[in-house]
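Below: model_23.cif (mmCIF, C-alpha atoms)
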```
data_coords
#
loop_
_atom_site.label_atom_id
_atom_site.label_comp_id
_atom_site.auth_asym_id
_atom_site.auth_seq_id
_atom_site.Cartn_x
_atom_site.Cartn_y
_atom_site.Cartn_z
CA MET T 1 70.96 45.70 98.89
CA THR T 2 73.20 42.63 98.58
CA PRO T 3 74.01 41.85 94.94
CA GLN T 4 72.85 38.40 93.87
CA PRO T 5 74.93 36.81 91.09
CA ASN T 6 72.97 35.85 87.97
CA PRO T 7 75.46 35.37 85.12
CA GLN T 8 72.85 33.88 82.78
CA ALA T 9 70.64 36.98 83.01
CA GLY T 10 73.70 39.18 82.53
CA ALA T 11 74.67 37.29 79.40
CA ALA T 12 71.18 37.83 77.96
CA VAL T 13 71.29 41.56 78.71
CA LYS T 14 74.73 41.83 77.14
CA ALA T 15 73.71 39.88 74.03
CA ALA T 16 70.65 42.07 73.44
CA ASP T 17 72.73 45.19 73.95
CA ARG T 18 75.36 44.10 71.46
CA ALA T 19 72.73 43.09 68.93
CA HIS T 20 70.55 46.18 69.06
CA VAL T 21 71.82 49.14 71.14
CA PHE T 22 73.77 51.84 69.32
CA HIS T 23 76.00 53.56 71.89
CA SER T 24 77.00 57.23 71.91
CA TRP T 25 80.56 58.45 71.30
CA SER T 26 81.70 54.93 70.37
CA ALA T 27 83.02 52.76 67.57
CA GLN T 28 80.35 50.11 68.02
CA ASP T 29 82.54 47.04 67.43
CA LEU T 30 85.26 48.23 69.80
CA ILE T 31 83.27 48.58 73.02
CA ASP T 32 82.40 46.11 75.74
CA PRO T 33 79.74 47.69 77.97
CA LEU T 34 79.33 46.33 81.46
CA ALA T 35 75.90 44.78 82.11
CA VAL T 36 74.58 46.47 85.25
CA ALA T 37 72.17 44.55 87.47
CA GLY T 38 71.32 47.23 90.02
CA ALA T 39 72.36 50.36 91.90
CA GLU T 40 71.77 51.92 95.29
CA GLY T 41 73.29 54.92 97.02
CA SER T 42 76.89 55.39 95.86
CA TYR T 43 77.24 51.86 94.44
CA PHE T 44 76.19 49.74 91.48
CA TRP T 45 76.84 46.08 90.68
CA ASP T 46 77.04 43.68 87.78
CA TYR T 47 75.40 40.29 87.18
CA GLU T 48 78.44 38.50 88.59
CA GLY T 49 77.68 40.16 91.93
CA LYS T 50 80.69 42.48 91.81
CA ARG T 51 79.99 45.84 93.41
CA TYR T 52 81.54 49.15 92.31
CA LEU T 53 81.83 52.42 94.20
CA ASP T 54 80.70 54.97 91.63
CA PHE T 55 83.07 57.94 91.55
CA THR T 56 81.30 59.18 88.39
CA SER T 57 77.72 59.66 89.68
CA GLY T 58 76.62 58.13 86.37
CA LEU T 59 77.62 61.00 84.10
CA VAL T 60 77.87 63.40 87.03
CA PHE T 61 74.10 63.42 87.50
CA ALA T 62 73.23 61.09 90.40
CA ASN T 63 73.70 63.90 92.94
CA ILE T 64 71.65 62.16 95.64
CA GLY T 65 72.85 58.68 94.67
CA TYR T 66 70.84 55.87 93.15
CA GLN T 67 67.34 54.83 94.21
CA HIS T 68 66.68 57.39 96.92
CA PRO T 69 63.42 56.06 98.37
CA LYS T 70 61.69 59.44 98.67
CA VAL T 71 62.30 60.30 95.02
CA VAL T 72 61.30 56.84 93.85
CA ALA T 73 58.07 57.17 95.85
CA ALA T 74 57.37 60.61 94.35
CA ILE T 75 57.74 59.23 90.83
CA GLN T 76 55.42 56.34 91.67
CA GLU T 77 52.86 58.70 93.20
CA GLN T 78 52.97 61.01 90.18
CA ALA T 79 52.61 58.07 87.79
CA ALA T 80 49.52 56.94 89.64
CA SER T 81 47.82 60.34 89.30
CA MET T 82 49.15 61.81 86.02
CA THR T 83 51.88 60.15 84.01
CA THR T 84 52.08 62.84 81.33
CA PHE T 85 50.41 65.96 80.01
CA ALA T 86 51.07 68.48 77.24
CA PRO T 87 53.35 71.42 78.07
CA ALA T 88 50.79 74.14 77.24
CA PHE T 89 48.84 73.43 80.44
CA ALA T 90 49.48 74.38 84.06
CA VAL T 91 50.29 71.18 85.94
CA GLU T 92 51.05 71.01 89.66
CA ALA T 93 54.33 69.10 89.42
CA ARG T 94 55.58 71.41 86.65
CA SER T 95 54.59 74.60 88.49
CA GLU T 96 56.11 73.44 91.77
CA ALA T 97 59.36 72.33 90.14
CA ALA T 98 59.69 75.74 88.44
CA ARG T 99 59.02 77.52 91.74
CA LEU T 100 61.61 75.49 93.62
CA VAL T 101 64.28 76.02 90.96
CA ALA T 102 63.54 79.76 90.73
CA GLU T 103 63.85 80.11 94.51
CA ARG T 104 67.43 78.87 94.29
CA THR T 105 68.72 80.62 91.19
CA PRO T 106 70.60 83.89 91.75
CA GLY T 107 69.16 87.32 91.08
CA ASP T 108 66.03 87.67 88.95
CA LEU T 109 66.28 84.34 87.12
CA ASP T 110 62.67 83.62 87.97
CA LYS T 111 61.21 82.19 84.76
CA ILE T 112 61.95 78.54 83.95
CA PHE T 113 61.79 76.98 80.48
CA PHE T 114 61.95 73.20 80.85
CA THR T 115 63.79 70.92 78.43
CA ASN T 116 64.64 67.22 78.39
CA GLY T 117 68.32 67.70 79.18
CA GLY T 118 71.34 69.98 79.20
CA ALA T 119 72.08 70.11 75.48
CA GLU T 120 68.53 71.26 74.71
CA ALA T 121 68.79 73.81 77.50
CA ASN T 122 71.89 75.30 75.89
CA GLU T 123 70.28 75.19 72.44
CA ASN T 124 67.34 77.22 73.71
CA ALA T 125 69.47 79.63 75.71
CA ILE T 126 71.41 80.49 72.55
CA ARG T 127 68.17 80.89 70.62
CA MET T 128 66.84 83.25 73.27
CA ALA T 129 70.04 85.30 73.21
CA ARG T 130 69.97 85.65 69.44
CA LEU T 131 66.31 86.63 69.38
CA HIS T 132 66.73 89.05 72.28
CA THR T 133 69.67 90.87 70.70
CA GLY T 134 69.04 90.34 66.99
CA ARG T 135 72.71 89.37 66.61
CA PRO T 136 74.14 86.15 65.10
CA LYS T 137 77.39 85.18 66.87
CA VAL T 138 78.05 83.37 70.14
CA LEU T 139 81.31 83.19 72.10
CA SER T 140 82.32 79.98 73.86
CA ALA T 141 85.50 78.78 75.54
CA TYR T 142 87.94 76.13 74.48
CA ARG T 143 88.09 73.40 77.14
CA SER T 144 84.32 73.21 77.42
CA TYR T 145 81.43 70.85 76.80
CA HIS T 146 77.88 72.05 76.20
CA GLY T 147 76.09 69.03 74.69
CA ALA T 148 75.71 66.96 71.54
CA THR T 149 72.84 68.67 69.69
CA SER T 150 73.57 70.85 66.67
CA THR T 151 74.31 74.21 68.29
CA ALA T 152 75.53 72.73 71.57
CA ILE T 153 78.22 70.61 69.92
CA ASN T 154 79.46 73.63 67.99
CA LEU T 155 79.67 75.55 71.28
CA THR T 156 81.76 72.72 72.73
CA GLY T 157 85.51 73.23 72.89
CA ASP T 158 86.74 69.63 73.00
CA PRO T 159 87.51 67.19 70.15
CA ARG T 160 83.98 65.84 70.01
CA ARG T 161 83.15 69.03 68.15
CA TRP T 162 85.53 68.37 65.29
CA PRO T 163 83.56 65.80 63.25
CA ASN T 164 80.34 67.74 63.91
CA ASP T 165 81.61 71.26 63.22
CA ASN T 166 79.84 72.69 60.18
CA GLY T 167 81.85 75.89 60.19
CA GLY T 168 78.70 77.99 59.86
CA ALA T 169 77.21 77.82 63.34
CA GLY T 170 78.23 81.36 64.26
CA VAL T 171 80.37 80.19 67.20
CA VAL T 172 83.69 81.85 68.04
CA HIS T 173 85.94 80.16 70.60
CA PHE T 174 88.28 81.90 73.02
CA TRP T 175 90.63 80.89 75.84
CA ALA T 176 89.25 80.94 79.36
CA PRO T 177 91.69 81.06 82.31
CA PHE T 178 93.49 77.90 83.43
CA LEU T 179 96.72 78.67 85.24
CA TYR T 180 98.11 75.12 85.26
CA ARG T 181 98.17 75.13 81.44
CA SER T 182 97.96 78.85 80.85
CA PRO T 183 97.74 80.01 77.23
CA PHE T 184 98.79 83.45 78.54
CA HIS T 185 102.09 82.42 80.20
CA SER T 186 100.86 83.75 83.53
CA ASP T 187 102.64 83.17 86.81
CA SER T 188 99.76 83.88 89.22
CA GLU T 189 95.97 83.56 89.38
CA ALA T 190 95.63 87.35 89.38
CA GLN T 191 97.74 87.66 86.25
CA GLU T 192 95.85 84.81 84.57
CA CYS T 193 92.56 86.57 85.31
CA GLU T 194 93.78 89.90 83.96
CA ARG T 195 95.24 88.41 80.78
CA ALA T 196 92.22 86.18 80.13
CA LEU T 197 89.87 89.16 80.40
CA GLN T 198 92.08 91.20 78.05
CA HIS T 199 92.09 88.29 75.57
CA LEU T 200 88.30 88.20 75.72
CA GLU T 201 88.13 91.96 75.16
CA ASP T 202 90.42 91.61 72.14
CA THR T 203 88.36 88.75 70.73
CA ILE T 204 85.19 90.81 70.99
CA ALA T 205 86.86 93.84 69.43
CA PHE T 206 88.08 91.90 66.40
CA GLU T 207 84.82 89.96 65.96
CA GLY T 208 82.74 93.13 66.26
CA PRO T 209 80.74 93.69 69.45
CA ALA T 210 77.55 94.45 67.51
CA THR T 211 77.65 90.98 65.93
CA ILE T 212 77.77 89.02 69.20
CA ALA T 213 74.50 87.82 70.75
CA GLY T 214 75.78 85.85 73.71
CA LEU T 215 78.70 84.43 75.61
CA ILE T 216 78.37 81.02 77.27
CA LEU T 217 80.64 79.59 79.95
CA GLU T 218 80.45 76.60 82.24
CA THR T 219 80.64 78.30 85.64
CA ILE T 220 83.20 75.65 86.59
CA PRO T 221 83.99 73.52 83.51
CA GLY T 222 83.16 69.85 84.08
CA THR T 223 84.22 67.25 81.53
CA ALA T 224 86.94 69.58 80.27
CA GLY T 225 88.81 69.43 83.57
CA ILE T 226 87.09 71.12 86.56
CA MET T 227 89.05 74.35 86.33
CA THR T 228 87.75 76.82 88.94
CA PRO T 229 88.02 80.33 87.47
CA PRO T 230 90.25 82.78 89.36
CA ALA T 231 88.74 85.41 91.63
CA GLY T 232 87.30 88.27 89.62
CA TYR T 233 87.12 86.51 86.28
CA LEU T 234 83.38 85.86 86.07
CA ALA T 235 82.65 89.33 87.45
CA GLY T 236 84.91 90.71 84.74
CA VAL T 237 83.06 88.74 82.07
CA ARG T 238 79.77 90.05 83.46
CA GLU T 239 81.03 93.64 83.15
CA ILE T 240 82.26 93.11 79.58
CA CYS T 241 78.95 91.58 78.53
CA ASP T 242 77.05 94.49 80.07
CA ARG T 243 79.24 97.01 78.29
CA TYR T 244 78.61 95.49 74.86
CA GLY T 245 75.02 94.35 75.31
CA ILE T 246 76.01 90.67 75.11
CA VAL T 247 73.80 88.09 76.83
CA PHE T 248 75.82 86.31 79.53
CA ILE T 249 74.92 82.61 79.83
CA LEU T 250 76.20 80.31 82.56
CA ASP T 251 76.01 76.57 81.91
CA GLU T 252 75.37 74.88 85.27
CA VAL T 253 74.29 71.54 83.80
CA MET T 254 77.07 69.70 85.62
CA ALA T 255 78.05 72.18 88.33
CA GLY T 256 74.54 72.90 89.59
CA PHE T 257 72.37 71.46 92.35
CA GLY T 258 74.91 70.92 95.08
CA ARG T 259 77.82 69.57 93.07
CA THR T 260 80.19 72.39 94.12
CA GLY T 261 78.85 72.73 97.66
CA LYS T 262 76.37 75.44 96.65
CA TRP T 263 72.99 75.15 94.96
CA PHE T 264 74.64 76.74 91.92
CA ALA T 265 78.35 77.33 91.36
CA ALA T 266 77.63 80.97 90.48
CA GLU T 267 77.10 81.56 94.21
CA HIS T 268 80.83 81.09 94.78
CA PHE T 269 81.53 84.12 92.59
CA GLY T 270 78.64 86.45 93.37
CA VAL T 271 77.64 86.67 89.71
CA THR T 272 74.18 86.58 88.14
CA PRO T 273 73.99 85.72 84.43
CA ASP T 274 71.18 86.67 82.05
CA LEU T 275 70.42 83.02 81.38
CA MET T 276 71.40 79.92 83.35
CA THR T 277 71.08 76.37 82.04
CA PHE T 278 70.66 73.28 84.22
CA ALA T 279 69.88 69.54 84.05
CA LYS T 280 71.46 66.41 85.61
CA GLY T 281 71.34 67.06 89.37
CA VAL T 282 67.98 68.86 89.26
CA ASN T 283 66.39 65.44 89.83
CA SER T 284 69.52 63.28 90.15
CA GLY T 285 68.95 62.03 86.61
CA TYR T 286 66.04 59.83 87.68
CA VAL T 287 63.87 61.08 84.78
CA PRO T 288 65.31 63.26 81.94
CA LEU T 289 64.94 66.98 82.73
CA GLY T 290 66.78 70.20 82.01
CA GLY T 291 65.96 73.84 81.68
CA VAL T 292 66.82 77.49 81.22
CA ALA T 293 66.41 80.01 84.04
CA ILE T 294 65.57 83.35 82.43
CA SER T 295 66.13 86.92 83.66
CA ALA T 296 63.32 89.44 83.80
CA GLU T 297 64.75 91.45 80.90
CA ILE T 298 64.92 88.51 78.52
CA ALA T 299 61.57 87.16 79.67
CA GLU T 300 60.08 90.56 78.80
CA THR T 301 61.27 90.12 75.20
CA PHE T 302 58.79 87.29 74.87
CA ALA T 303 55.97 88.78 76.94
CA ARG T 304 54.01 89.72 73.81
CA ARG T 305 56.17 88.12 71.19
CA PRO T 306 55.87 84.35 70.89
CA TYR T 307 58.98 82.41 71.75
CA PRO T 308 59.62 80.20 68.70
CA GLY T 309 60.69 77.06 70.50
CA GLY T 310 59.25 74.16 72.44
CA LEU T 311 59.44 70.45 73.18
CA THR T 312 56.74 67.80 73.38
CA TYR T 313 57.95 66.73 76.82
CA SER T 314 58.82 70.16 78.23
CA GLY T 315 58.13 69.99 81.96
CA HIS T 316 57.13 66.32 81.85
CA PRO T 317 55.13 65.56 85.04
CA LEU T 318 57.20 62.51 86.04
CA ALA T 319 60.46 64.43 85.58
CA CYS T 320 59.15 67.46 87.44
CA ALA T 321 57.81 65.34 90.30
CA ALA T 322 61.28 63.82 90.59
CA ALA T 323 62.78 67.33 90.65
CA VAL T 324 60.41 68.48 93.40
CA ALA T 325 61.26 65.43 95.50
CA THR T 326 65.00 65.75 94.85
CA ILE T 327 65.16 69.43 95.80
CA ASN T 328 63.12 68.77 98.94
CA VAL T 329 65.34 65.81 99.88
CA MET T 330 68.45 67.96 99.40
CA GLU T 331 66.98 70.57 101.74
CA GLU T 332 65.72 68.11 104.37
CA GLU T 333 68.94 66.11 104.48
CA GLY T 334 71.36 69.04 104.17
CA ILE T 335 72.96 67.49 101.10
CA VAL T 336 74.35 70.73 99.66
CA GLU T 337 76.05 71.49 102.96
CA GLN T 338 77.26 67.89 103.16
CA ALA T 339 78.85 68.18 99.71
CA ALA T 340 80.70 71.32 100.78
CA ALA T 341 81.92 69.78 104.02
CA ILE T 342 83.08 66.47 102.59
CA GLY T 343 84.93 68.26 99.82
CA GLU T 344 86.72 70.56 102.24
CA ASN T 345 87.41 68.03 104.98
CA VAL T 346 87.84 64.68 103.22
CA ILE T 347 88.11 64.72 99.42
CA GLY T 348 90.40 67.73 99.03
CA PRO T 349 92.85 66.77 101.80
CA GLY T 350 92.78 63.13 100.68
CA LEU T 351 93.60 63.95 97.07
CA ARG T 352 96.36 66.34 98.05
CA GLU T 353 97.87 63.65 100.25
CA LEU T 354 97.82 61.24 97.29
CA ALA T 355 99.50 63.89 95.15
CA SER T 356 102.31 64.20 97.68
CA ARG T 357 103.17 60.52 97.17
CA HIS T 358 102.45 59.90 93.50
CA PRO T 359 104.66 61.51 90.85
CA SER T 360 101.92 60.97 88.24
CA VAL T 361 99.70 63.60 89.91
CA GLY T 362 100.55 67.00 88.53
CA ASP T 363 97.61 69.01 89.84
CA VAL T 364 94.67 68.66 92.24
CA ARG T 365 91.72 71.01 91.86
CA GLY T 366 88.08 71.21 92.80
CA THR T 367 85.44 72.01 95.38
CA GLY T 368 82.50 70.18 96.94
CA VAL T 369 82.21 66.80 95.20
CA PHE T 370 83.68 68.17 91.96
CA TRP T 371 87.40 67.35 91.72
CA ALA T 372 90.04 66.45 89.14
CA LEU T 373 93.50 64.94 89.25
CA GLU T 374 95.71 65.97 86.33
CA LEU T 375 98.00 63.03 85.55
CA VAL T 376 101.39 63.78 84.03
CA ARG T 377 104.52 62.01 82.82
CA ASP T 378 106.74 64.73 84.22
CA ARG T 379 105.78 67.11 87.01
CA GLU T 380 108.46 69.62 86.02
CA THR T 381 107.45 69.98 82.38
CA ARG T 382 103.76 69.15 83.06
CA GLU T 383 103.75 66.81 80.07
CA PRO T 384 100.38 64.99 80.19
CA LEU T 385 100.43 61.27 80.97
CA VAL T 386 98.90 60.73 77.51
CA PRO T 387 98.74 63.14 74.54
CA TYR T 388 95.71 65.34 73.95
CA ASN T 389 92.82 63.27 72.57
CA ALA T 390 94.92 60.10 72.71
CA ALA T 391 93.46 56.80 71.53
CA GLY T 392 94.63 53.20 71.20
CA GLU T 393 98.20 52.52 72.24
CA ALA T 394 98.87 56.21 72.90
CA ASN T 395 96.21 56.09 75.62
CA ALA T 396 97.55 52.90 77.22
CA PRO T 397 98.74 54.53 80.49
CA MET T 398 95.30 56.00 81.24
CA ALA T 399 93.60 52.77 80.18
CA ALA T 400 95.83 50.85 82.60
CA PHE T 401 95.00 53.28 85.41
CA GLY T 402 91.25 52.93 84.75
CA ALA T 403 91.45 49.15 84.58
CA ALA T 404 93.35 49.02 87.88
CA ALA T 405 90.66 51.07 89.60
CA LYS T 406 87.81 48.95 88.21
CA ALA T 407 89.55 45.71 89.16
CA ARG T 408 89.60 46.96 92.76
CA GLY T 409 85.92 47.93 92.82
CA LEU T 410 86.05 51.65 91.94
CA TRP T 411 84.42 53.03 88.79
CA PRO T 412 86.49 56.11 87.84
CA PHE T 413 85.63 59.08 85.63
CA VAL T 414 88.54 59.15 83.17
CA ASN T 415 88.89 61.78 80.46
CA MET T 416 92.08 62.33 78.48
CA ASN T 417 94.92 62.60 81.04
CA ARG T 418 92.65 63.20 84.04
CA THR T 419 90.59 61.29 86.52
CA HIS T 420 87.70 63.19 88.07
CA VAL T 421 86.42 62.50 91.56
CA VAL T 422 82.70 63.20 91.31
CA PRO T 423 80.74 60.89 93.65
CA PRO T 424 77.17 61.65 94.74
CA CYS T 425 76.75 64.80 96.86
CA ASN T 426 75.63 62.66 99.81
CA VAL T 427 78.58 60.26 99.63
CA SER T 428 79.73 59.26 103.10
CA GLU T 429 83.16 59.85 104.60
CA ALA T 430 83.73 56.09 104.75
CA GLU T 431 82.86 55.72 101.06
CA VAL T 432 85.23 58.53 100.09
CA LYS T 433 88.05 56.95 102.06
CA GLU T 434 87.31 53.59 100.41
CA GLY T 435 87.60 55.26 97.01
CA LEU T 436 90.77 57.13 97.91
CA ALA T 437 92.40 53.87 98.99
CA VAL T 438 91.65 52.37 95.58
CA LEU T 439 92.89 55.50 93.80
CA ASP T 440 96.12 55.17 95.81
CA GLU T 441 96.69 51.71 94.32
CA ALA T 442 95.60 52.68 90.80
CA LEU T 443 97.86 55.74 90.78
CA SER T 444 100.80 53.42 91.40
CA VAL T 445 100.04 51.99 87.96
CA ALA T 446 100.08 55.51 86.48
CA ASP T 447 103.38 56.19 88.29
CA GLU T 448 105.01 53.45 86.21
CA HIS T 449 104.68 55.74 83.16
CA THR T 450 106.37 58.79 84.69
CA VAL T 451 109.93 59.90 84.03
#
```

Rewritten as structure tokens:
Amino acid sequence: MTPQPNPQAGAAVKAADRAHVFHSWSAQDLIDPLAVAGAEGSYFWDYEGKRYLDFTSGLVFANIGYQHPKVVAAIQEQAASMTTFAPAFAVEARSEAARLVAERTPGDLDKIFFTNGGAEANENAIRMARLHTGRPKVLSAYRSYHGATSTAINLTGDPRRWPNDNGGAGVVHFWAPFLYRSPFHSDSEAQECERALQHLEDTIAFEGPATIAGLILETIPGTAGIMTPPAGYLAGVREICDRYGIVFILDEVMAGFGRTGKWFAAEHFGVTPDLMTFAKGVNSGYVPLGGVAISAEIAETFARRPYPGGLTYSGHPLACAAAVATINVMEEEGIVEQAAAIGENVIGPGLRELASRHPSVGDVRGTGVFWALELVRDRETREPLVPYNAAGEANAPMAAFGAAAKARGLWPFVNMNRTHVVPPCNVSEAEVKEGLAVLDEALSVADEHTV
């Protein structure tokens, strides 16, 4: 689609937004949201007719890009036959979506509880773990994000938790492995894995194993920095959880449905959790949907005991129809395989080549269409380009980098001292190279702040 400029319409959209929309995670008077006129594939555009290559996939959810015609048609068809229905009934779209998800989850995760998004999925997974074990506490990693609802925000390990932390949520945080900024002073991935597992063992011992209901990890953390765990770590966590009767929960809200070049990131590690949460890519974010995939053992807990949880829109027909169409499109078009190939052959090599020329790039990491560049002031000391949780003037170098990318037609995913490269799973090689060329120019702006 060719963007058609319409500044007057854009001004009206912007005025209504500023007058009435309350935005998340924002000081309302300090933001200036872009008025978006349309989107298609890997691009969106504003009312001035300027087009942006979206290296954020929205909020890392548009896994098949915007406006895929087959998914749009499926939503329209479902709306024509049944727009909505209560969750207590068996509905074709809901049943088929559950079947398709269960076919792709690892192991015996064959029961699907649908939610409206990822935060609610994590809320319910924690509730299931506590009810299944009869224990109160939950372990979660620093450098994590699990959602903005009450329990989910307390699980989260980034600064968004701080103003929401009530201190009584029963969440205990621990350090997961991350060699580039190792809290364990490791000098190899193997050592980082060993020390991180010992730290987890120690945390459990001092908290009391019999008090811990569950342990939740993002299989590959997303917003916190796309840190792929070292070989053996998740298997080690699985063994520890088994030994102490702790429910092991993997959060695949961001990493799932092709993002890492597998249907679920757990496939990379050969690990099956007791509960797995998902959302975002399950239907490319076209209609809100999330869920919990449940093991046979935990499902049996609620076979004759009512599960005390539910949502009015659980398994909403429009959302489920979008999920069915999305999963089928991903199969028909080989999108999961495409994500793996473009990550290995284009994104990874391209980012490493940029790192070789830009002193502001301290680390490149990722897989599939799930990558991060760690930007630093000094490669030797690994001092971040901006301080942790920087704002205002302290964040000026990252703000300048982001502005340079946007000015050149690339919408970047910027968080703290990182930029993430997370385009749709079906992004083309030409589109990736277009984005890398813009990143090359924007990184020159970041280079100006290095020592």

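Every protein or nucleic acid residue with an atom no more than 12 Å from stretch 331-333 of chain T, counting only C-alpha atoms and leaving out same-chain residues fewer than 5 positions away, appears here: Ile64, His68, Lys70, Leu100, Arg104, Phe257, Gly258, Lys262, Trp263, Val324, Ala325, Thr326, Gln338, Ala339, Cys425 and Asn426 of chain T.
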
### Query
So how many Å separate atom CA of T:Glu393 and atom CA of T:Ile31, to one decimal?
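Distance between the two atoms: 15.5 Å.
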
### Nearest to T:Phe178, chosen from T:Ala213, T:Ser140, T:Gly256, T:Gly225, with only C-alpha atoms counted in the distances
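Looking only at the distances to T:Phe178, the closest residue turns out to be T:Gly225.
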
Once you count all atoms listed in the file, what closest atom pair and distance in Å to one decimal does each residue of stretch 232-293 of chain T within 12 Å of stretch 73-91 of chain T have, with rows by chain and rising residue number, as a tab-separated table?
```
residue	atom	partner	partner_atom	distance
T:Asn283	CA	T:Ile75	CA	10.7
T:Tyr286	CA	T:Ile75	CA	8.9
T:Val287	CA	T:Ile75	CA	8.8
```

#### Entry: Å distance separating atom CA of T:Gly435 from atom CA of T:Pro230, one decimal place
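Distance between the two atoms: 28.7 Å.
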
### Task
Considering only C-alpha atoms, state which residue in the set T:Asp110, T:Glu337, T:Asp17, T:Glu434 is at the smallest distance from T:Ala296.
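Among T:Asp110, T:Glu337, T:Asp17, T:Glu434, it is T:Asp110 that comes nearest to T:Ala296.
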
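Here atom CA of T:Asp378 is placed at a distance of 17.2 Å from atom CA of T:Leu179.
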
### Summary
In terms of only C-alpha atoms, the residue from T:Thr156, T:Asn328, T:Ala224, T:Thr260 at minimal distance from T:Arg418 is T:Ala224

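The neighbours of stretch 124-137 of chain T here are the residues that come within 7 Å of it, using only C-alpha atoms and leaving out any residue fewer than 5 positions away in the same chain; they are Gly170, Val171, Thr211, Ile212, Ala213, Gly214, Val247, Leu275, Val292, Ile298 and Thr301 of chain T.
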
### Message
For the provided coordinates, the residues matched by the PyMOL selection byres ((chain T and resi 107) around 9) should be stated as a PyMOL selection string.
### Response
chain T and resi 105-106+108-110+271-273+295
